[in-house]
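Chemist: If it helps, the file is called input31.cif and holds mmCIF, C-alpha atoms:
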data_my_file
#
loop_
_atom_site.label_atom_id
_atom_site.label_comp_id
_atom_site.auth_asym_id
_atom_site.auth_seq_id
_atom_site.Cartn_x
_atom_site.Cartn_y
_atom_site.Cartn_z
CA MET V 1 24.44 39.88 51.66
CA VAL V 2 23.05 42.29 54.24
CA GLN V 3 26.42 43.35 55.61
CA THR V 4 28.01 43.88 52.19
CA GLN V 5 24.82 45.33 50.61
CA SER V 6 25.43 43.20 47.54
CA LEU V 7 24.24 40.01 45.92
CA ASN V 8 26.71 37.17 45.55
CA CYS V 9 26.64 35.57 42.10
CA HIS V 10 27.47 31.96 41.37
CA SER V 11 30.51 33.26 39.42
CA GLY V 12 31.83 34.91 42.60
CA LYS V 13 31.02 38.43 41.41
CA GLN V 14 29.20 40.75 43.81
CA ILE V 15 26.48 43.05 42.52
CA PRO V 16 25.92 46.10 44.76
CA CYS V 17 22.31 46.76 45.79
CA GLU V 18 20.30 47.94 48.78
CA ILE V 19 19.12 45.06 50.94
CA ASP V 20 16.11 46.19 52.99
CA SER V 21 14.34 42.92 53.65
CA VAL V 22 14.68 39.18 53.51
CA CYS V 23 11.80 37.09 52.14
CA ILE V 24 11.48 33.41 52.94
CA HIS V 25 9.48 31.41 50.41
CA GLY V 26 8.37 27.90 51.11
CA ASP V 27 5.66 25.79 52.58
CA ASN V 28 7.75 22.85 53.66
CA LEU V 29 8.66 21.78 57.17
CA SER V 30 12.03 23.55 57.13
CA SER V 31 10.69 27.04 56.22
CA LEU V 32 10.08 28.15 59.79
CA ALA V 33 13.47 26.83 60.94
CA THR V 34 15.15 28.66 58.03
CA ALA V 35 13.44 31.94 58.94
CA LYS V 36 14.40 31.58 62.61
CA SER V 37 18.00 30.78 61.71
CA ILE V 38 18.30 33.84 59.46
CA ARG V 39 16.75 36.07 62.14
CA GLU V 40 19.12 34.76 64.82
CA ASN V 41 22.13 35.22 62.54
CA LEU V 42 21.19 38.84 61.72
CA ILE V 43 20.77 39.67 65.41
CA GLU V 44 24.02 37.89 66.38
CA ASN V 45 25.82 40.06 63.82
CA GLY V 46 24.55 43.26 65.41
CA LEU V 47 21.91 44.16 62.86
CA GLU V 48 18.76 45.96 63.99
CA LEU V 49 15.57 44.32 62.78
CA ARG V 50 12.53 46.50 62.04
CA THR V 51 9.25 46.01 60.29
CA LEU V 52 9.05 47.83 56.95
CA ASN V 53 6.48 50.29 58.32
CA LYS V 54 9.06 51.44 60.89
CA MET V 55 11.67 52.27 58.23
CA LYS V 56 11.73 55.90 57.07
CA LYS V 57 12.14 55.02 53.41
CA PHE V 58 8.85 53.04 53.45
CA ILE V 59 6.70 55.59 55.31
#
Re-express the file's structure as structure tokens.
Modeler:
Amino acid sequence: MVQTQSLNCHSGKQIPCEIDSVCIHGDNLSSLATAKSIRENLIENGLELRTLNKMKKFI
């Protein structure tokens, strides 16, 4: 999703859009593990992580 800058539909279609952030919703035991896994995957794929207040488009 982040690399292709598109959303993947159940039908297989991709809808182009800007992906600036990833939100994790949940209050179950796996939420923290899910967030850590996503963070690690983004870093492993060479993506730079920044807080929104460090991104020019949000200043």
Chemist: Compare V:Val2, V:Lys56, V:Glu40, V:Asn8 by their minimum atom-to-atom distance to Asp20 in chain V, counting only C-alpha atoms, and give me the closest one.
Modeler: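 Of all the options, V:Val2 lies closest to Asp20 in chain V.
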Chemist: Rank V:Ala33, V:Met1, V:Leu49, V:Ile59 by their smallest atom-to-atom distance to Pro16 in chain V, using all atoms listed in the file, and report the top residue only.
Modeler: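 Nearest to Pro16 in chain V: V:Met1.
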Chemist: Using all atoms listed in the file, determine which residues lie at most 12 Å from Ile38 in chain V, disregarding the query and same-chain residues fewer than 5 positions distant; provide the list as an mmCIF file with C-alpha atoms, keeping the file's coordinate frame.
Modeler:
data_model
loop_
_atom_site.group_PDB
_atom_site.id
_atom_site.type_symbol
_atom_site.label_atom_id
_atom_site.label_comp_id
_atom_site.auth_asym_id
_atom_site.auth_seq_id
_atom_site.Cartn_x
_atom_site.Cartn_y
_atom_site.Cartn_z
ATOM 1 C CA MET V 1 24.440 39.880 51.660
ATOM 2 C CA VAL V 2 23.050 42.290 54.240
ATOM 3 C CA SER V 21 14.340 42.920 53.650
ATOM 4 C CA VAL V 22 14.680 39.180 53.510
ATOM 5 C CA CYS V 23 11.800 37.090 52.140
ATOM 6 C CA ILE V 24 11.480 33.410 52.940
ATOM 7 C CA SER V 31 10.690 27.040 56.220
ATOM 8 C CA LEU V 32 10.080 28.150 59.790
ATOM 9 C CA ALA V 33 13.470 26.830 60.940
ATOM 10 C CA ILE V 43 20.770 39.670 65.410
ATOM 11 C CA GLU V 44 24.020 37.890 66.380
ATOM 12 C CA ASN V 45 25.820 40.060 63.820
ATOM 13 C CA LEU V 47 21.910 44.160 62.860
ATOM 14 C CA LEU V 49 15.570 44.320 62.780
#
Chemist: May I ask for the distance between CA of Ser6 in chain V and CA of Leu29 in chain V, given in Å to one decimal place?
Modeler: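 CA of Ser6 in chain V sits 28.9 Å away from CA of Leu29 in chain V.
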Chemist: Expressed in Å to a single decimal, how great is the separation between CA of Asn53 in chain V and CA of Gln5 in chain V?
Modeler: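 Those two atoms sit 20.5 Å apart.
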